[in-house]
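Visitor: To be precise about what I am sending: the file is called final.cif and holds mmCIF, N, CA and C atoms.
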```cif
data_protein
loop_
_atom_site.label_atom_id
_atom_site.label_comp_id
_atom_site.auth_asym_id
_atom_site.auth_seq_id
_atom_site.Cartn_x
_atom_site.Cartn_y
_atom_site.Cartn_z
N MET A 21 54.34 -96.04 -89.54
CA MET A 21 55.27 -95.32 -88.71
C MET A 21 54.63 -94.93 -87.38
N GLU A 22 53.35 -94.68 -87.43
CA GLU A 22 52.67 -94.25 -86.22
C GLU A 22 52.36 -95.40 -85.27
N SER A 23 52.49 -96.62 -85.74
CA SER A 23 52.15 -97.77 -84.90
C SER A 23 53.23 -98.08 -83.88
N PHE A 24 54.39 -97.48 -84.01
CA PHE A 24 55.47 -97.72 -83.06
C PHE A 24 55.34 -96.77 -81.87
N GLU A 25 55.58 -97.30 -80.69
CA GLU A 25 55.58 -96.46 -79.49
C GLU A 25 56.81 -95.55 -79.52
N HIS A 26 56.74 -94.43 -78.85
CA HIS A 26 57.85 -93.47 -78.84
C HIS A 26 59.11 -94.00 -78.17
N ASN A 27 58.96 -95.04 -77.36
CA ASN A 27 60.13 -95.58 -76.64
C ASN A 27 60.60 -96.92 -77.19
N GLU A 28 60.11 -97.31 -78.36
CA GLU A 28 60.52 -98.58 -78.96
C GLU A 28 61.84 -98.43 -79.71
N PRO A 29 62.73 -99.40 -79.57
CA PRO A 29 64.00 -99.36 -80.29
C PRO A 29 63.83 -99.28 -81.81
N ALA A 30 62.69 -99.69 -82.32
CA ALA A 30 62.44 -99.62 -83.76
C ALA A 30 62.50 -98.18 -84.26
N GLN A 31 62.38 -97.20 -83.38
CA GLN A 31 62.47 -95.79 -83.78
C GLN A 31 63.78 -95.51 -84.51
N THR A 32 64.83 -96.25 -84.16
CA THR A 32 66.13 -96.01 -84.79
C THR A 32 66.12 -96.36 -86.28
N LEU A 33 65.13 -97.12 -86.72
CA LEU A 33 65.06 -97.56 -88.11
C LEU A 33 64.10 -96.74 -88.97
N LEU A 34 63.41 -95.80 -88.39
CA LEU A 34 62.32 -95.14 -89.09
C LEU A 34 62.69 -93.88 -89.87
N LEU A 35 63.90 -93.41 -89.75
CA LEU A 35 64.23 -92.16 -90.43
C LEU A 35 64.20 -92.29 -91.95
N VAL A 36 64.72 -93.36 -92.48
CA VAL A 36 64.71 -93.55 -93.94
C VAL A 36 63.27 -93.65 -94.46
N PRO A 37 62.41 -94.48 -93.84
CA PRO A 37 61.02 -94.49 -94.32
C PRO A 37 60.34 -93.13 -94.21
N CYS A 38 60.64 -92.38 -93.17
CA CYS A 38 60.07 -91.03 -93.04
C CYS A 38 60.49 -90.16 -94.22
N LEU A 39 61.75 -90.24 -94.60
CA LEU A 39 62.25 -89.45 -95.72
C LEU A 39 61.58 -89.88 -97.02
N VAL A 40 61.54 -91.16 -97.27
CA VAL A 40 60.98 -91.66 -98.54
C VAL A 40 59.48 -91.36 -98.63
N VAL A 41 58.75 -91.67 -97.57
CA VAL A 41 57.31 -91.40 -97.57
C VAL A 41 57.06 -89.89 -97.63
N GLY A 42 57.86 -89.14 -96.89
CA GLY A 42 57.67 -87.69 -96.86
C GLY A 42 57.84 -87.01 -98.19
N THR A 43 58.74 -87.52 -99.02
CA THR A 43 58.95 -86.88 -100.33
C THR A 43 57.79 -87.13 -101.29
N ALA A 44 56.84 -87.98 -100.88
CA ALA A 44 55.67 -88.25 -101.72
C ALA A 44 54.38 -87.78 -101.07
N CYS A 45 54.48 -86.93 -100.06
CA CYS A 45 53.29 -86.42 -99.37
C CYS A 45 52.81 -85.13 -100.04
N PHE A 46 51.61 -85.19 -100.56
CA PHE A 46 51.05 -84.02 -101.22
C PHE A 46 50.09 -83.26 -100.32
N ALA A 47 49.41 -83.95 -99.43
CA ALA A 47 48.40 -83.32 -98.57
C ALA A 47 49.02 -82.86 -97.25
N PRO A 48 48.63 -81.68 -96.78
CA PRO A 48 49.16 -81.18 -95.51
C PRO A 48 48.96 -82.14 -94.34
N ALA A 49 47.85 -82.83 -94.29
CA ALA A 49 47.61 -83.78 -93.19
C ALA A 49 48.63 -84.91 -93.21
N GLN A 50 49.00 -85.37 -94.39
CA GLN A 50 50.03 -86.40 -94.51
C GLN A 50 51.37 -85.86 -94.04
N ARG A 51 51.67 -84.65 -94.41
CA ARG A 51 52.95 -84.04 -94.05
C ARG A 51 53.09 -83.92 -92.53
N ALA A 52 52.03 -83.51 -91.88
CA ALA A 52 52.06 -83.38 -90.42
C ALA A 52 52.33 -84.72 -89.76
N ARG A 53 51.75 -85.77 -90.29
CA ARG A 53 51.98 -87.11 -89.73
C ARG A 53 53.44 -87.52 -89.89
N VAL A 54 54.01 -87.23 -91.04
CA VAL A 54 55.41 -87.59 -91.26
C VAL A 54 56.32 -86.78 -90.33
N LEU A 55 56.05 -85.49 -90.19
CA LEU A 55 56.87 -84.67 -89.29
C LEU A 55 56.77 -85.15 -87.85
N ARG A 56 55.58 -85.60 -87.44
CA ARG A 56 55.44 -86.16 -86.09
C ARG A 56 56.29 -87.41 -85.94
N ALA A 57 56.33 -88.23 -86.98
CA ALA A 57 57.15 -89.45 -86.94
C ALA A 57 58.64 -89.09 -86.87
N VAL A 58 59.06 -88.08 -87.63
CA VAL A 58 60.46 -87.63 -87.57
C VAL A 58 60.78 -87.11 -86.18
N GLN A 59 59.86 -86.37 -85.60
CA GLN A 59 60.07 -85.85 -84.24
C GLN A 59 60.15 -86.98 -83.22
N ALA A 60 59.38 -88.04 -83.43
CA ALA A 60 59.45 -89.20 -82.53
C ALA A 60 60.82 -89.87 -82.63
N VAL A 61 61.34 -89.98 -83.84
CA VAL A 61 62.69 -90.54 -84.02
C VAL A 61 63.71 -89.65 -83.30
N ARG A 62 63.55 -88.34 -83.46
CA ARG A 62 64.47 -87.40 -82.80
C ARG A 62 64.41 -87.55 -81.28
N SER A 63 63.20 -87.67 -80.75
CA SER A 63 63.04 -87.83 -79.30
C SER A 63 63.71 -89.09 -78.80
N TYR A 64 63.59 -90.16 -79.57
CA TYR A 64 64.15 -91.43 -79.14
C TYR A 64 65.67 -91.46 -79.29
N THR A 65 66.15 -91.00 -80.45
CA THR A 65 67.58 -91.16 -80.74
C THR A 65 68.42 -89.97 -80.30
N GLY A 66 67.84 -88.78 -80.31
CA GLY A 66 68.60 -87.58 -80.01
C GLY A 66 69.53 -87.16 -81.14
N ARG A 67 69.43 -87.81 -82.28
CA ARG A 67 70.32 -87.51 -83.40
C ARG A 67 69.86 -86.28 -84.17
N ARG A 68 70.80 -85.41 -84.46
CA ARG A 68 70.48 -84.17 -85.16
C ARG A 68 70.20 -84.37 -86.64
N ASN A 69 70.56 -85.53 -87.19
CA ASN A 69 70.26 -85.75 -88.60
C ASN A 69 68.74 -85.75 -88.84
N THR A 70 67.97 -86.03 -87.80
CA THR A 70 66.52 -85.96 -87.95
C THR A 70 66.07 -84.53 -88.25
N ASP A 71 66.77 -83.55 -87.68
CA ASP A 71 66.45 -82.15 -87.96
C ASP A 71 66.71 -81.82 -89.43
N ARG A 72 67.79 -82.36 -89.98
CA ARG A 72 68.10 -82.12 -91.39
C ARG A 72 67.04 -82.76 -92.29
N VAL A 73 66.58 -83.96 -91.92
CA VAL A 73 65.52 -84.61 -92.70
C VAL A 73 64.26 -83.74 -92.68
N ALA A 74 63.91 -83.22 -91.52
CA ALA A 74 62.72 -82.37 -91.42
C ALA A 74 62.90 -81.11 -92.28
N GLU A 75 64.06 -80.50 -92.24
CA GLU A 75 64.33 -79.31 -93.07
C GLU A 75 64.18 -79.63 -94.55
N LEU A 76 64.72 -80.77 -94.95
CA LEU A 76 64.64 -81.18 -96.35
C LEU A 76 63.19 -81.40 -96.77
N LEU A 77 62.43 -82.09 -95.93
CA LEU A 77 61.03 -82.34 -96.27
C LEU A 77 60.24 -81.04 -96.39
N VAL A 78 60.48 -80.12 -95.49
CA VAL A 78 59.78 -78.83 -95.56
C VAL A 78 60.11 -78.12 -96.88
N GLU A 79 61.35 -78.19 -97.30
CA GLU A 79 61.73 -77.57 -98.58
C GLU A 79 61.09 -78.30 -99.76
N VAL A 80 61.08 -79.61 -99.73
CA VAL A 80 60.43 -80.39 -100.80
C VAL A 80 58.95 -80.01 -100.87
N TRP A 81 58.31 -79.93 -99.73
CA TRP A 81 56.88 -79.59 -99.71
C TRP A 81 56.64 -78.16 -100.19
N ARG A 82 57.54 -77.25 -99.88
CA ARG A 82 57.41 -75.88 -100.37
C ARG A 82 57.45 -75.87 -101.90
N LEU A 83 58.37 -76.65 -102.46
CA LEU A 83 58.47 -76.74 -103.92
C LEU A 83 57.24 -77.42 -104.51
N MET A 84 56.70 -78.41 -103.83
CA MET A 84 55.46 -79.05 -104.29
C MET A 84 54.34 -78.02 -104.36
N ASP A 85 54.20 -77.26 -103.28
CA ASP A 85 53.13 -76.27 -103.22
C ASP A 85 53.27 -75.21 -104.30
N ARG A 86 54.50 -74.94 -104.68
CA ARG A 86 54.78 -73.98 -105.75
C ARG A 86 54.56 -74.59 -107.14
N GLY A 87 54.46 -75.92 -107.20
CA GLY A 87 54.27 -76.59 -108.47
C GLY A 87 55.56 -76.83 -109.23
N ASP A 88 56.66 -76.80 -108.55
CA ASP A 88 57.98 -77.00 -109.18
C ASP A 88 58.32 -78.49 -109.21
N TRP A 89 57.56 -79.22 -110.02
CA TRP A 89 57.64 -80.70 -110.02
C TRP A 89 58.97 -81.24 -110.52
N ALA A 90 59.60 -80.55 -111.42
CA ALA A 90 60.89 -81.03 -111.94
C ALA A 90 61.93 -81.05 -110.82
N GLN A 91 61.87 -80.10 -109.93
CA GLN A 91 62.84 -80.04 -108.84
C GLN A 91 62.45 -80.94 -107.67
N VAL A 92 61.17 -81.09 -107.43
CA VAL A 92 60.68 -81.87 -106.28
C VAL A 92 61.22 -83.29 -106.27
N TRP A 93 61.26 -83.92 -107.41
CA TRP A 93 61.60 -85.35 -107.44
C TRP A 93 63.09 -85.61 -107.28
N ASP A 94 63.89 -84.58 -107.26
CA ASP A 94 65.33 -84.74 -107.06
C ASP A 94 65.71 -84.22 -105.67
N TRP A 95 65.27 -84.94 -104.64
CA TRP A 95 65.48 -84.46 -103.27
C TRP A 95 66.96 -84.43 -102.90
N GLN A 96 67.77 -85.24 -103.56
CA GLN A 96 69.21 -85.21 -103.27
C GLN A 96 69.81 -83.86 -103.65
N THR A 97 69.41 -83.33 -104.80
CA THR A 97 69.89 -82.01 -105.23
C THR A 97 69.36 -80.93 -104.31
N ILE A 98 68.12 -81.04 -103.89
CA ILE A 98 67.55 -80.07 -102.96
C ILE A 98 68.37 -80.07 -101.67
N ALA A 99 68.71 -81.25 -101.18
CA ALA A 99 69.52 -81.36 -99.96
C ALA A 99 70.88 -80.69 -100.17
N ARG A 100 71.48 -80.96 -101.29
CA ARG A 100 72.81 -80.39 -101.58
C ARG A 100 72.74 -78.87 -101.69
N GLN A 101 71.75 -78.37 -102.40
CA GLN A 101 71.60 -76.92 -102.57
C GLN A 101 71.37 -76.21 -101.24
N ASN A 102 70.75 -76.89 -100.31
CA ASN A 102 70.45 -76.30 -99.00
C ASN A 102 71.47 -76.71 -97.94
N GLU A 103 72.58 -77.30 -98.40
CA GLU A 103 73.66 -77.73 -97.51
C GLU A 103 73.16 -78.61 -96.37
N LEU A 104 72.28 -79.54 -96.71
CA LEU A 104 71.71 -80.47 -95.74
C LEU A 104 72.40 -81.83 -95.92
N ASP A 105 73.63 -81.88 -95.55
CA ASP A 105 74.43 -83.10 -95.68
C ASP A 105 74.21 -83.94 -94.41
N PHE A 106 73.62 -85.12 -94.58
CA PHE A 106 73.30 -85.96 -93.42
C PHE A 106 73.27 -87.42 -93.83
N LEU A 107 73.40 -88.28 -92.83
CA LEU A 107 73.22 -89.72 -93.02
C LEU A 107 71.87 -90.09 -92.47
N CYS A 108 71.20 -91.00 -93.13
CA CYS A 108 69.89 -91.47 -92.67
C CYS A 108 70.02 -92.77 -91.92
N CYS A 109 70.79 -92.75 -90.89
CA CYS A 109 70.93 -93.96 -90.07
C CYS A 109 70.98 -93.59 -88.61
#
```
Produce structure tokens that represent the structure in this file.

Guide:
Amino acid sequence: MESFEHNEPAQTLLLVPCLVVGTACFAPAQRARVLRAVQAVRSYTGRRNTDRVAELLVEVWRLMDRGDWAQVWDWQTIARQNELDFLCC
């Protein structure tokens, strides 16, 4: 994700990989890299759904840090519970 320039049209395709990779990030350094990639997508596209993805990832990571593994793996339910209804396109 980091290999793409901030002004490359490929940025429009990176939100889904950011979400998928982000839900499996256990280390804070990995999380920061994913959030930077989400922010790059936001900068390029201007789409607010990137903000919802970032919110969802932060909540998933909070649950990871708490050790709530049963809930962590169901990111769709986490999104629904937090009213984060968005399209990843």

Visitor: Report as a ChimeraX atom specification the residues that result from applying the PyMOL selection byres (((chain A and resi 35 and name CA) around 7) and name CA) to the structure here.

Guide: /A:33-34,36-39,58,61,108-109

Visitor: To one decimal place, how far is atom CA of Glu79 of chain A from atom N of Glu28 of chain A in Å?

Guide: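 One can read the atom CA of Glu79 of chain A to atom N of Glu28 of chain A distance as 28.3 Å.
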
Visitor: Near Leu77 of chain A, counting all atoms listed in the file, which residues have an atom at most 8 Å away, once you skip same-chain residues fewer than 5 positions from it, shown as a ChimeraX atom specification?

Guide: /A:39,42-43,71-72,82-83

Visitor: Put the listed atoms of segment 71-86 of chain A in a box along x, y and z with 3 Å added on every side and give me the centre and edge lengths in Å to one decimal, as JSON.

Guide:
```
{"center_x": 60.6, "center_y": -79.3, "center_z": -97.4, "size_x": 21.0, "size_y": 16.6, "size_z": 25.5}
```

Visitor: Determine which residues of segment 23-106 of chain A DSSP labels as helix (DSSP H, G or I) from the backbone of this structure, then write them out as a ChimeraX atom specification.

Guide: /A:29-33,35-42,48-65,69-86,89-92,95-101

Visitor: Kindly give the distance, in Å, that separates atom CA of Val78 of chain A and atom CA of Ala30 of chain A, rounded to a single decimal.

Guide: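 That distance, rounded to one decimal, is 24.1 Å.
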
Visitor: Which is closest to Phe46 of chain A among A:Met84, A:Gly66, A:Leu76, A:Phe24, if we use only C-alpha atoms?

Guide: A:Met84

Visitor: Using all atoms listed in the file, can you tell me which of A:Leu55, A:Cys45, A:Arg100, A:Ser63 comes closest to Asn27 of chain A?

Guide: A:Ser63

Visitor: In Å, how far is it from atom C of Asn69 of chain A to atom CA of Ala49 of chain A?

Guide: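 Between atom C of Asn69 of chain A and atom CA of Ala49 of chain A the gap is 21.7 Å.
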